[in-house]
$ cat work.pdb   # PDB, C-alpha atoms
ATOM      1  CA  MET A   5     -24.429  31.468  73.550
ATOM      2  CA  ASP A   6     -25.727  28.611  75.712
ATOM      3  CA  PHE A   7     -25.114  24.868  75.764
ATOM      4  CA  ILE A   8     -26.995  22.309  77.840
ATOM      5  CA  ILE A   9     -24.628  19.458  78.688
ATOM      6  CA  THR A  10     -25.826  16.104  77.416
ATOM      7  CA  GLN A  11     -24.836  12.659  78.671
ATOM      8  CA  ASP A  12     -22.105  12.579  75.995
ATOM      9  CA  PHE A  13     -20.174  15.289  77.867
ATOM     10  CA  HIS A  14     -20.982  14.151  81.409
ATOM     11  CA  ASN A  15     -17.787  14.261  83.540
ATOM     12  CA  VAL A  16     -15.811  15.938  80.744
ATOM     13  CA  ARG A  17     -13.507  18.814  81.712
ATOM     14  CA  LEU A  18     -14.734  22.296  80.847
ATOM     15  CA  ASP A  19     -11.654  23.133  78.750
ATOM     16  CA  ARG A  20     -11.956  19.902  76.773
ATOM     17  CA  PHE A  21     -15.646  20.525  76.127
ATOM     18  CA  LEU A  22     -14.846  23.982  74.768
ATOM     19  CA  CYS A  23     -11.988  22.626  72.633
ATOM     20  CA  LYS A  24     -14.382  20.094  71.160
ATOM     21  CA  LYS A  25     -17.027  22.705  70.399
ATOM     22  CA  PHE A  26     -14.620  25.389  69.143
ATOM     23  CA  SER A  27     -11.807  23.516  67.420
ATOM     24  CA  ASN A  28     -10.959  26.730  65.523
ATOM     25  CA  ILE A  29      -9.895  28.435  68.782
ATOM     26  CA  PRO A  30      -6.384  27.606  70.072
ATOM     27  CA  LEU A  31      -6.051  26.190  73.578
ATOM     28  CA  SER A  32      -4.552  29.482  74.795
ATOM     29  CA  GLY A  33      -7.705  31.233  73.595
ATOM     30  CA  ILE A  34      -9.922  28.743  75.440
ATOM     31  CA  TYR A  35      -8.006  29.355  78.672
ATOM     32  CA  ARG A  36      -8.222  33.117  78.137
ATOM     33  CA  MET A  37     -12.014  32.927  77.788
ATOM     34  CA  ILE A  38     -12.304  30.954  81.026
ATOM     35  CA  ARG A  39      -9.837  33.163  82.921
ATOM     36  CA  LYS A  40     -11.621  36.381  81.952
ATOM     37  CA  GLY A  41     -14.988  35.037  83.082
ATOM     38  CA  ARG A  42     -16.488  34.807  79.612
ATOM     39  CA  VAL A  43     -17.499  31.210  80.359
ATOM     40  CA  ARG A  44     -19.982  30.430  83.154
ATOM     41  CA  VAL A  45     -21.360  27.088  84.294
ATOM     42  CA  ASN A  46     -24.807  27.427  85.849
ATOM     43  CA  GLY A  47     -24.072  31.138  86.242
ATOM     44  CA  LYS A  48     -20.729  30.661  88.050
ATOM     45  CA  ARG A  49     -17.093  30.956  87.009
ATOM     46  CA  LYS A  50     -15.227  27.660  86.926
ATOM     47  CA  LYS A  51     -11.653  26.472  86.477
ATOM     48  CA  PRO A  52     -10.565  24.775  83.223
ATOM     49  CA  HIS A  53     -10.394  21.368  84.926
ATOM     50  CA  PHE A  54     -13.967  21.602  86.294
ATOM     51  CA  LYS A  55     -15.901  18.465  85.326
ATOM     52  CA  LEU A  56     -19.240  19.146  83.716
ATOM     53  CA  GLN A  57     -22.348  17.218  84.665
ATOM     54  CA  ALA A  58     -25.331  16.297  82.510
ATOM     55  CA  THR A  59     -27.938  19.118  82.382
ATOM     56  CA  ASP A  60     -25.350  21.801  83.323
ATOM     57  CA  ASN A  61     -25.785  25.080  81.484
ATOM     58  CA  VAL A  62     -22.619  26.496  79.898
ATOM     59  CA  ARG A  63     -22.982  30.136  78.838
ATOM     60  CA  ILE A  64     -20.357  31.895  76.746
ATOM     61  CA  TRP A  65     -20.315  35.682  76.724
ATOM     62  CA  GLY A  66     -19.159  37.595  73.672
ATOM     63  CA  ASN A  67     -18.685  36.046  70.238
ATOM     64  CA  PRO A  68     -16.305  33.063  70.183
ATOM     65  CA  GLY A  69     -17.408  32.202  66.664
ATOM     66  CA  THR A  70     -19.595  29.474  65.269
ATOM     67  CA  PRO A  71     -19.218  26.060  66.921
ATOM     68  CA  ALA A  72     -17.168  23.837  64.653
ATOM     69  CA  GLU A  73     -18.993  21.087  62.801
ATOM     70  CA  LYS A  74     -17.023  18.109  61.576
ATOM     71  CA  GLN A  75     -17.147  17.798  57.795
ATOM     72  CA  LEU A  76     -17.779  14.243  56.645
ATOM     73  CA  ILE A  77     -15.828  13.009  53.627
ATOM     74  CA  GLN A  78     -17.404  11.989  50.328
ATOM     75  CA  LEU A  79     -17.151   8.225  49.910
ATOM     76  CA  SER A  80     -16.247   6.489  46.688
ATOM     77  CA  SER A  81     -18.212   3.400  45.666
ATOM     78  CA  SER A  82     -15.329   1.161  46.767
ATOM     79  CA  GLU A  83     -15.184   2.874  50.192
ATOM     80  CA  LYS A  84     -18.938   2.408  50.631
ATOM     81  CA  SER A  85     -18.438  -1.273  49.862
ATOM     82  CA  ILE A  86     -15.579  -1.515  52.391
ATOM     83  CA  ALA A  87     -17.742   0.124  55.078
ATOM     84  CA  ALA A  88     -20.730  -2.120  54.429
ATOM     85  CA  ARG A  89     -18.638  -5.308  54.487
ATOM     86  CA  CYS A  90     -16.580  -4.487  57.558
ATOM     87  CA  ILE A  91     -19.432  -4.043  60.074
ATOM     88  CA  THR A  92     -19.371  -7.291  62.059
ATOM     89  CA  TYR A  93     -21.414  -6.297  65.119
ATOM     90  CA  GLU A  94     -23.432  -3.238  66.106
ATOM     91  CA  ASP A  95     -25.647  -2.037  68.953
ATOM     92  CA  GLU A  96     -26.689   1.350  70.328
ATOM     93  CA  ARG A  97     -23.313   1.945  72.030
ATOM     94  CA  CYS A  98     -20.648   0.476  69.807
ATOM     95  CA  MET A  99     -19.682  -1.171  66.553
ATOM     96  CA  VAL A 100     -17.097  -3.858  65.792
ATOM     97  CA  CYS A 101     -15.480  -3.541  62.361
ATOM     98  CA  ASN A 102     -13.308  -5.956  60.397
ATOM     99  CA  LYS A 103     -10.588  -3.662  59.044
ATOM    100  CA  PRO A 104      -8.940  -4.777  55.802
ATOM    101  CA  ALA A 105      -5.161  -4.751  55.515
ATOM    102  CA  ASP A 106      -3.419  -1.735  53.942
ATOM    103  CA  LEU A 107      -5.956   0.712  55.386
ATOM    104  CA  VAL A 108      -4.878   3.154  58.117
ATOM    105  CA  MET A 109      -7.094   3.775  61.126
ATOM    106  CA  HIS A 110      -7.388   7.545  60.651
ATOM    107  CA  THR A 111      -6.094  10.544  58.741
ATOM    108  CA  GLY A 112      -2.468  11.618  59.167
ATOM    109  CA  SER A 113       1.068  10.505  58.253
ATOM    110  CA  GLY A 114       0.491  11.165  54.572
ATOM    111  CA  HIS A 115      -3.025   9.688  54.445
ATOM    112  CA  ASP A 116      -6.014  11.893  53.647
ATOM    113  CA  HIS A 117      -8.376   9.643  55.588
ATOM    114  CA  GLY A 118      -8.673   6.193  57.084
ATOM    115  CA  LEU A 119     -11.205   3.732  58.487
ATOM    116  CA  THR A 120     -12.406   6.262  61.075
ATOM    117  CA  GLU A 121     -13.358   8.881  58.490
ATOM    118  CA  ILE A 122     -14.882   6.234  56.196
ATOM    119  CA  MET A 123     -17.122   4.857  58.938
ATOM    120  CA  GLN A 124     -18.094   8.331  60.173
ATOM    121  CA  ALA A 125     -19.239   9.224  56.661
ATOM    122  CA  TYR A 126     -20.956   5.867  56.059
ATOM    123  CA  THR A 127     -22.936   6.058  59.321
ATOM    124  CA  ARG A 128     -23.373   9.865  59.122
ATOM    125  CA  ASN A 129     -22.085   9.968  62.700
ATOM    126  CA  PRO A 130     -19.170  12.395  63.283
ATOM    127  CA  GLN A 131     -18.930  11.217  66.912
ATOM    128  CA  LEU A 132     -17.987   7.668  65.931
ATOM    129  CA  SER A 133     -14.439   6.908  67.081
ATOM    130  CA  PHE A 134     -12.277   3.806  67.404
ATOM    131  CA  VAL A 135     -11.148   3.236  70.992
ATOM    132  CA  HIS A 136      -8.064   1.231  70.025
ATOM    133  CA  ARG A 137      -6.089   0.775  66.838
ATOM    134  CA  ILE A 138      -4.246  -1.798  64.787
ATOM    135  CA  ASP A 139      -1.438  -1.178  62.316
ATOM    136  CA  LYS A 140      -2.052  -0.386  58.662
ATOM    137  CA  ASN A 141      -0.780  -3.833  57.580
ATOM    138  CA  THR A 142      -2.760  -5.653  60.288
ATOM    139  CA  SER A 143      -6.304  -6.762  59.493
ATOM    140  CA  GLY A 144      -9.207  -7.744  61.693
ATOM    141  CA  LEU A 145     -11.548  -6.595  64.431
ATOM    142  CA  VAL A 146     -11.500  -3.145  66.031
ATOM    143  CA  ILE A 147     -14.063  -1.465  68.309
ATOM    144  CA  ALA A 148     -15.721   1.858  67.531
ATOM    145  CA  ALA A 149     -17.763   3.871  70.031
ATOM    146  CA  LYS A 150     -20.865   5.541  68.610
ATOM    147  CA  THR A 151     -21.086   8.309  71.221
ATOM    148  CA  LEU A 152     -18.605  10.310  73.284
ATOM    149  CA  SER A 153     -19.842   8.771  76.531
ATOM    150  CA  SER A 154     -19.419   5.254  75.106
ATOM    151  CA  ALA A 155     -15.905   6.184  73.966
ATOM    152  CA  ARG A 156     -14.935   7.193  77.510
ATOM    153  CA  GLU A 157     -16.498   4.049  78.963
ATOM    154  CA  LEU A 158     -14.788   1.724  76.478
ATOM    155  CA  SER A 159     -11.439   3.496  76.878
ATOM    156  CA  THR A 160     -11.680   2.939  80.626
ATOM    157  CA  LEU A 161     -12.434  -0.757  80.050
ATOM    158  CA  ILE A 162      -9.328  -1.057  77.874
ATOM    159  CA  GLN A 163      -7.181   0.554  80.586
ATOM    160  CA  LYS A 164      -8.601  -1.875  83.153
ATOM    161  CA  GLN A 165      -8.148  -4.862  80.821
ATOM    162  CA  GLY A 166     -11.914  -5.300  80.544
ATOM    163  CA  ILE A 167     -11.652  -6.033  76.816
ATOM    164  CA  GLN A 168     -10.116  -9.290  75.613
ATOM    165  CA  LYS A 169      -8.140  -9.263  72.354
ATOM    166  CA  TYR A 170      -7.066 -12.327  70.390
ATOM    167  CA  TYR A 171      -5.048 -12.579  67.165
ATOM    168  CA  TYR A 172      -4.195 -15.230  64.601
ATOM    169  CA  VAL A 173      -0.502 -15.021  63.742
ATOM    170  CA  LEU A 174       1.505 -16.910  61.138
ATOM    171  CA  VAL A 175       5.227 -16.987  61.933
ATOM    172  CA  HIS A 176       8.484 -18.300  60.532
ATOM    173  CA  GLY A 177       9.848 -21.437  62.162
ATOM    174  CA  HIS A 178       8.500 -24.558  63.828
ATOM    175  CA  ILE A 179       7.395 -23.930  67.430
ATOM    176  CA  LYS A 180       7.138 -27.105  69.511
ATOM    177  CA  GLU A 181       5.580 -25.752  72.734
ATOM    178  CA  LYS A 182       1.785 -26.016  72.696
ATOM    179  CA  HIS A 183       1.363 -23.025  75.017
ATOM    180  CA  PHE A 184       3.848 -20.318  75.994
ATOM    181  CA  ARG A 185       3.944 -16.791  77.381
ATOM    182  CA  ILE A 186       6.206 -13.869  76.461
ATOM    183  CA  SER A 187       6.703 -11.183  79.104
ATOM    184  CA  SER A 188       9.011  -8.354  78.118
ATOM    185  CA  TYR A 189       9.664  -4.619  78.410
ATOM    186  CA  LEU A 190       9.111  -2.524  75.293
ATOM    187  CA  LYS A 191       9.929   1.067  74.436
ATOM    188  CA  LYS A 192       9.427   3.005  71.219
ATOM    189  CA  GLU A 193      12.664   4.549  69.998
ATOM    190  CA  GLU A 194      12.337   6.665  66.846
ATOM    191  CA  THR A 195      10.482   4.475  64.319
ATOM    192  CA  ARG A 196      10.962   1.089  66.038
ATOM    193  CA  VAL A 197       9.987  -0.582  69.294
ATOM    194  CA  ILE A 198      12.925  -2.045  71.204
ATOM    195  CA  THR A 199      13.005  -4.829  73.813
ATOM    196  CA  HIS A 200      14.679  -3.973  77.145
ATOM    197  CA  THR A 201      15.598  -6.086  80.149
ATOM    198  CA  ASP A 202      13.500  -4.037  82.581
ATOM    199  CA  GLY A 203      11.497  -0.853  82.933
ATOM    200  CA  SER A 204      14.271   1.352  84.313
ATOM    201  CA  CYS A 205      14.641   3.236  81.012
ATOM    202  CA  GLY A 206      10.931   3.947  80.683
ATOM    203  CA  ALA A 207      10.100   0.713  78.880
ATOM    204  CA  LYS A 208       6.651  -0.691  79.665
ATOM    205  CA  LYS A 209       5.834  -4.280  80.505
ATOM    206  CA  ALA A 210       4.154  -6.295  77.749
ATOM    207  CA  VAL A 211       2.558  -9.714  78.290
ATOM    208  CA  SER A 212       1.162 -12.072  75.629
ATOM    209  CA  ASP A 213      -0.017 -15.689  75.736
ATOM    210  CA  PHE A 214       0.340 -17.968  72.701
ATOM    211  CA  THR A 215      -1.225 -21.265  71.647
ATOM    212  CA  VAL A 216       0.088 -23.277  68.703
ATOM    213  CA  LEU A 217      -2.807 -24.141  66.374
ATOM    214  CA  ALA A 218      -0.887 -25.847  63.567
ATOM    215  CA  ASN A 219       2.608 -26.476  62.149
ATOM    216  CA  HIS A 220       3.623 -27.197  58.604
ATOM    217  CA  GLY A 221       7.245 -27.328  57.567
ATOM    218  CA  ASN A 222       8.947 -24.197  58.821
ATOM    219  CA  ARG A 223       5.785 -22.204  59.556
ATOM    220  CA  THR A 224       3.565 -22.087  62.638
ATOM    221  CA  LEU A 225       0.036 -20.774  63.089
ATOM    222  CA  LEU A 226      -0.548 -19.231  66.516
ATOM    223  CA  GLU A 227      -3.400 -17.746  68.466
ATOM    224  CA  ALA A 228      -2.196 -14.858  70.625
ATOM    225  CA  LYS A 229      -4.005 -13.315  73.588
ATOM    226  CA  LEU A 230      -2.923  -9.822  74.604
ATOM    227  CA  HIS A 231      -2.777  -8.936  78.286
ATOM    228  CA  THR A 232      -1.348  -5.482  77.503
ATOM    229  CA  GLY A 233      -1.655  -3.269  74.454
ATOM    230  CA  ARG A 234       1.806  -1.927  73.644
ATOM    231  CA  THR A 235       2.731  -0.607  70.214
ATOM    232  CA  HIS A 236       3.823  -3.458  67.880
ATOM    233  CA  GLN A 237       3.684  -5.802  70.885
ATOM    234  CA  LEU A 238       3.207  -9.128  69.094
ATOM    235  CA  ARG A 239       5.490  -8.174  66.211
ATOM    236  CA  VAL A 240       8.405  -7.280  68.485
ATOM    237  CA  GLN A 241       7.965 -10.154  70.935
ATOM    238  CA  LEU A 242       7.822 -12.828  68.252
ATOM    239  CA  ALA A 243      10.770 -11.375  66.350
ATOM    240  CA  HIS A 244      12.757 -11.299  69.619
ATOM    241  CA  ILE A 245      12.400 -15.107  70.003
ATOM    242  CA  ASN A 246      13.444 -15.577  66.340
ATOM    243  CA  HIS A 247       9.929 -16.347  65.077
ATOM    244  CA  PRO A 248       9.033 -13.145  63.215
ATOM    245  CA  ILE A 249       5.599 -12.746  61.659
ATOM    246  CA  ILE A 250       5.547 -13.648  57.971
ATOM    247  CA  GLY A 251       5.391 -10.470  55.908
ATOM    248  CA  ASP A 252       6.557  -8.182  58.724
ATOM    249  CA  HIS A 253       9.129  -6.050  56.934
ATOM    250  CA  LYS A 254       9.946  -3.882  59.950
ATOM    251  CA  TYR A 255      10.859  -6.621  62.444
ATOM    252  CA  GLY A 256      11.193  -9.682  60.226
ATOM    253  CA  THR A 257      12.345 -10.336  56.670
ATOM    254  CA  GLN A 258      11.705  -8.392  53.485
ATOM    255  CA  ASN A 259       9.839 -11.303  51.909
ATOM    256  CA  GLY A 260       6.108 -11.208  51.192
ATOM    257  CA  LYS A 261       3.603  -8.444  50.501
ATOM    258  CA  LYS A 262       1.099  -9.340  53.237
ATOM    259  CA  MET A 263       1.674  -9.385  56.996
ATOM    260  CA  PHE A 264      -0.069 -12.387  58.544
ATOM    261  CA  LEU A 265      -1.448 -10.781  61.688
ATOM    262  CA  PHE A 266      -5.231 -10.854  62.120
ATOM    263  CA  SER A 267      -7.319  -9.540  65.042
ATOM    264  CA  HIS A 268      -9.880 -12.349  65.131
ATOM    265  CA  ARG A 269     -11.700 -12.045  68.461
ATOM    266  CA  LEU A 270     -12.837  -9.242  70.768
ATOM    267  CA  GLY A 271     -14.653  -9.788  74.047
ATOM    268  CA  ILE A 272     -16.263  -6.945  76.004
ATOM    269  CA  LEU A 273     -17.208  -8.810  79.156
ATOM    270  CA  SER A 274     -19.320  -6.129  80.852
ATOM    271  CA  TYR A 275     -21.301  -5.596  77.624
ATOM    272  CA  GLY A 276     -21.875  -9.302  77.061
ATOM    273  CA  ILE A 277     -20.200  -9.034  73.647
ATOM    274  CA  ASP A 278     -17.910 -11.708  72.200
ATOM    275  CA  VAL A 279     -17.218 -11.387  68.467
ATOM    276  CA  SER A 280     -14.923 -13.804  66.640
ATOM    277  CA  LEU A 281     -13.951 -14.619  63.062
ATOM    278  CA  PRO A 282     -12.424 -17.829  61.631
ATOM    279  CA  VAL A 283      -8.863 -18.228  60.418
ATOM    280  CA  PRO A 284      -8.663 -16.404  57.064
ATOM    281  CA  ASP A 285      -8.271 -18.613  54.006
ATOM    282  CA  SER A 286      -5.067 -16.761  53.132
ATOM    283  CA  PHE A 287      -3.509 -17.924  56.422
ATOM    284  CA  ASN A 288      -4.370 -21.573  55.741
ATOM    285  CA  SER A 289      -3.008 -21.311  52.192
ATOM    286  CA  ALA A 290       0.228 -19.693  53.364
ATOM    287  CA  LEU A 291       0.627 -22.277  56.135
ATOM    288  CA  ALA A 292       0.417 -25.085  53.576
ATOM    289  CA  THR A 293       3.243 -23.534  51.550
ATOM    290  CA  ILE A 294       6.663 -24.842  52.577
ATOM    291  CA  LEU A 295       9.473 -22.324  52.140
TER     292      LEU A 295
END
$ encode --input "work.pdb" --output "structure tokens"
Amino acid sequence: MDFIITQDFHNVRLDRFLCKKFSNIPLSGIYRMIRKGRVRVNGKRKKPHFKLQATDNVRIWGNPGTPAEKQLIQLSSSEKSIAARCITYEDERCMVCNKPADLVMHTGSGHDHGLTEIMQAYTRNPQLSFVHRIDKNTSGLVIAAKTLSSARELSTLIQKQGIQKYYYVLVHGHIKEKHFRISSYLKKEETRVITHTDGSCGAKKAVSDFTVLANHGNRTLLEAKLHTGRTHQLRVQLAHINHPIIGDHKYGTQNGKKMFLFSHRLGILSYGIDVSLPVPDSFNSALATIL
């Protein structure tokens, strides 16, 4: 069995390529195939960590089974409508989607499927993958890569802070400062993220900038810019300064069915992409309501 490496798998490790192609074979089986010389790259034995290059020939001796093909889900009419409405930007490399609240990003944790599986089925592209995620109760913009090579490139940009992320946030309390920054150390402990004084316990630094857009009574509308992408970063930081996000049951109060956290702008500088959405009507309505 032969594979010619395409640009999608350029610079991908040999073991990861084989895991992708033969998801039915356990990792121990993949390593065994490589160790026993049943896998050759351009006619030569290679180590599992060898990085493949475009046009390389990978030959597998014996019968490892049929390469796995991802099965796309069957979409309901409502899911087709969600997919069609959520596409905000698209080019040959990536797609920006406006995820609705109460929809998970992908299958798992008691959910049969999520936005990833819906968009894969809608576009008939099993390679489509989101390169970052937002919580189930958070709505707004997320980036999907349309190819494996684009996914690696975008993931690298995220690590190097080459993608700008902005959120609209509606919080409890009246914040007077027009601009402020929160810099803290966060660590996930069981089901919650906890604030620590430093990084000595393994906590990671989290930095966010905030601009007050409007106040009304005891509520404040903020725009937040993330400089890091820690789990629950904005939710934990705002709760820590006693301005929890409205509707955040985990770190705030039990009131409200909707969490007012909206990913409204994504900028991919090296791609020349800057996508933004206005403040949702629900935010303006909730801001006008005095508790």
$ residues_around --input "work.pdb" --residues "region 155-169 of chain A" --least-positions-apart "6" --cutoff "7 Å" --atoms "only C-alpha atoms" --output "JSON, numbers by chain"
{"A": [135, 149, 229, 230, 269, 270, 271, 272, 273]}
$ closest_residue --input "work.pdb" --among "A:Ile77, A:Asn46, A:Asp106, A:Val62" --to "Lys261 (chain A)" --atoms "all atoms listed in the file"
A:Asp106
$ axis_aligned_box --input "work.pdb" --around "region 89-107 of chain A" --padding-each-side "3 Å" --output "JSON"
{"center_x": -15.1, "center_y": -2.7, "center_z": 63.0, "size_x": 29.3, "size_y": 15.2, "size_z": 24.1}
$ residues_around --input "work.pdb" --residues "Lys254 (chain A)" --least-positions-apart "4" --cutoff "12 Å" --atoms "all atoms listed in the file" --output "list in words"
Asp139, Asn141, Thr195, Arg196, Val197, Ile198, His236, Arg239, Val240, Ala243, Pro248, Ile249, Ile250, Gln258, Asn259 and Met263 of chain A
$ write_last_selection --input "work.pdb" --atoms "C-alpha atoms" --output "mmCIF file, in the coordinates of the input"
data_model
loop_
_atom_site.group_PDB
_atom_site.id
_atom_site.type_symbol
_atom_site.label_atom_id
_atom_site.label_comp_id
_atom_site.auth_asym_id
_atom_site.auth_seq_id
_atom_site.Cartn_x
_atom_site.Cartn_y
_atom_site.Cartn_z
ATOM 1 C CA ASP A 139 -1.438 -1.178 62.316
ATOM 2 C CA ASN A 141 -0.780 -3.833 57.580
ATOM 3 C CA THR A 195 10.482 4.475 64.319
ATOM 4 C CA ARG A 196 10.962 1.089 66.038
ATOM 5 C CA VAL A 197 9.987 -0.582 69.294
ATOM 6 C CA ILE A 198 12.925 -2.045 71.204
ATOM 7 C CA HIS A 236 3.823 -3.458 67.880
ATOM 8 C CA ARG A 239 5.490 -8.174 66.211
ATOM 9 C CA VAL A 240 8.405 -7.280 68.485
ATOM 10 C CA ALA A 243 10.770 -11.375 66.350
ATOM 11 C CA PRO A 248 9.033 -13.145 63.215
ATOM 12 C CA ILE A 249 5.599 -12.746 61.659
ATOM 13 C CA ILE A 250 5.547 -13.648 57.971
ATOM 14 C CA GLN A 258 11.705 -8.392 53.485
ATOM 15 C CA ASN A 259 9.839 -11.303 51.909
ATOM 16 C CA MET A 263 1.674 -9.385 56.996
#
$ residues_near_point --input "work.pdb" --point "(-17.6, 0.1, 57.9)" --cutoff "7 Å" --atoms "all atoms listed in the file" --output "list in words"
Ile86, Ala87, Ala88, Arg89, Cys90, Ile91, Cys101, Ile122, Met123 and Tyr126 of chain A
$ closest_residue --input "work.pdb" --among "A:Pro130, A:Gly41, A:Gly33, A:Gly276" --to "Gln75 (chain A)" --atoms "all atoms listed in the file"
A:Pro130
$ decode --input "work.pdb" --residues "region 43-66 of chain A" --atoms "N, CA and C atoms" --output "JSON list (two decimals), in the first residue's frame"
[["chain", "number", "residue", "atom", "x", "y", "z"],
["A", 43, "VAL", "N", 7.02, -0.14, 7.46],
["A", 43, "VAL", "CA", 6.74, 1.19, 6.90],
["A", 43, "VAL", "C", 8.06, 1.74, 6.36],
["A", 44, "ARG", "N", 8.06, 2.15, 5.10],
["A", 44, "ARG", "CA", 9.25, 2.74, 4.47],
["A", 44, "ARG", "C", 8.87, 4.09, 3.86],
["A", 45, "VAL", "N", 9.79, 5.05, 3.98],
["A", 45, "VAL", "CA", 9.61, 6.35, 3.36],
["A", 45, "VAL", "C", 10.67, 6.49, 2.28],
["A", 46, "ASN", "N", 10.22, 6.59, 1.05],
["A", 46, "ASN", "CA", 11.13, 6.63, -0.11],
["A", 46, "ASN", "C", 12.09, 5.44, -0.09],
["A", 47, "GLY", "N", 11.56, 4.28, 0.33],
["A", 47, "GLY", "CA", 12.33, 3.04, 0.33],
["A", 47, "GLY", "C", 13.20, 2.82, 1.54],
["A", 48, "LYS", "N", 13.19, 3.74, 2.52],
["A", 48, "LYS", "CA", 14.06, 3.64, 3.69],
["A", 48, "LYS", "C", 13.25, 3.59, 4.98],
["A", 49, "ARG", "N", 13.81, 2.88, 5.97],
["A", 49, "ARG", "CA", 13.19, 2.84, 7.29],
["A", 49, "ARG", "C", 13.39, 4.19, 7.98],
["A", 50, "LYS", "N", 12.37, 4.62, 8.72],
["A", 50, "LYS", "CA", 12.44, 5.89, 9.42],
["A", 50, "LYS", "C", 11.91, 5.73, 10.84],
["A", 51, "LYS", "N", 12.31, 6.64, 11.71],
["A", 51, "LYS", "CA", 11.82, 6.67, 13.08],
["A", 51, "LYS", "C", 10.41, 7.26, 13.13],
["A", 52, "PRO", "N", 9.67, 6.99, 14.21],
["A", 52, "PRO", "CA", 8.30, 7.53, 14.32],
["A", 52, "PRO", "C", 8.23, 9.05, 14.22],
["A", 53, "HIS", "N", 9.27, 9.75, 14.73],
["A", 53, "HIS", "CA", 9.23, 11.20, 14.75],
["A", 53, "HIS", "C", 9.72, 11.83, 13.44],
["A", 54, "PHE", "N", 10.08, 11.01, 12.45],
["A", 54, "PHE", "CA", 10.54, 11.55, 11.17],
["A", 54, "PHE", "C", 9.45, 12.42, 10.55],
["A", 55, "LYS", "N", 9.85, 13.62, 10.08],
["A", 55, "LYS", "CA", 8.88, 14.54, 9.50],
["A", 55, "LYS", "C", 8.80, 14.36, 7.99],
["A", 56, "LEU", "N", 7.61, 14.02, 7.54],
["A", 56, "LEU", "CA", 7.38, 13.79, 6.12],
["A", 56, "LEU", "C", 7.42, 15.09, 5.33],
["A", 57, "GLN", "N", 7.80, 14.97, 4.06],
["A", 57, "GLN", "CA", 7.82, 16.11, 3.17],
["A", 57, "GLN", "C", 6.89, 15.85, 1.99],
["A", 58, "ALA", "N", 6.34, 16.92, 1.44],
["A", 58, "ALA", "CA", 5.46, 16.77, 0.28],
["A", 58, "ALA", "C", 6.17, 16.00, -0.82],
["A", 59, "THR", "N", 5.45, 15.11, -1.46],
["A", 59, "THR", "CA", 5.88, 14.20, -2.54],
["A", 59, "THR", "C", 6.60, 12.96, -2.02],
["A", 60, "ASP", "N", 6.86, 12.84, -0.71],
["A", 60, "ASP", "CA", 7.44, 11.60, -0.18],
["A", 60, "ASP", "C", 6.50, 10.42, -0.49],
["A", 61, "ASN", "N", 7.12, 9.27, -0.67],
["A", 61, "ASN", "CA", 6.34, 8.04, -0.87],
["A", 61, "ASN", "C", 6.41, 7.20, 0.40],
["A", 62, "VAL", "N", 5.23, 6.93, 0.99],
["A", 62, "VAL", "CA", 5.17, 6.07, 2.18],
["A", 62, "VAL", "C", 4.57, 4.74, 1.74],
["A", 63, "ARG", "N", 5.37, 3.67, 1.90],
["A", 63, "ARG", "CA", 4.91, 2.33, 1.53],
["A", 63, "ARG", "C", 4.73, 1.50, 2.79],
["A", 64, "ILE", "N", 3.60, 0.81, 2.86],
["A", 64, "ILE", "CA", 3.30, -0.04, 4.01],
["A", 64, "ILE", "C", 3.23, -1.48, 3.53],
["A", 65, "TRP", "N", 4.06, -2.32, 4.11],
["A", 65, "TRP", "CA", 4.10, -3.73, 3.75],
["A", 65, "TRP", "C", 3.10, -4.50, 4.60],
["A", 66, "GLY", "N", 2.54, -5.56, 4.03],
["A", 66, "GLY", "CA", 1.55, -6.35, 4.76],
["A", 66, "GLY", "C", 0.17, -5.76, 4.57]]
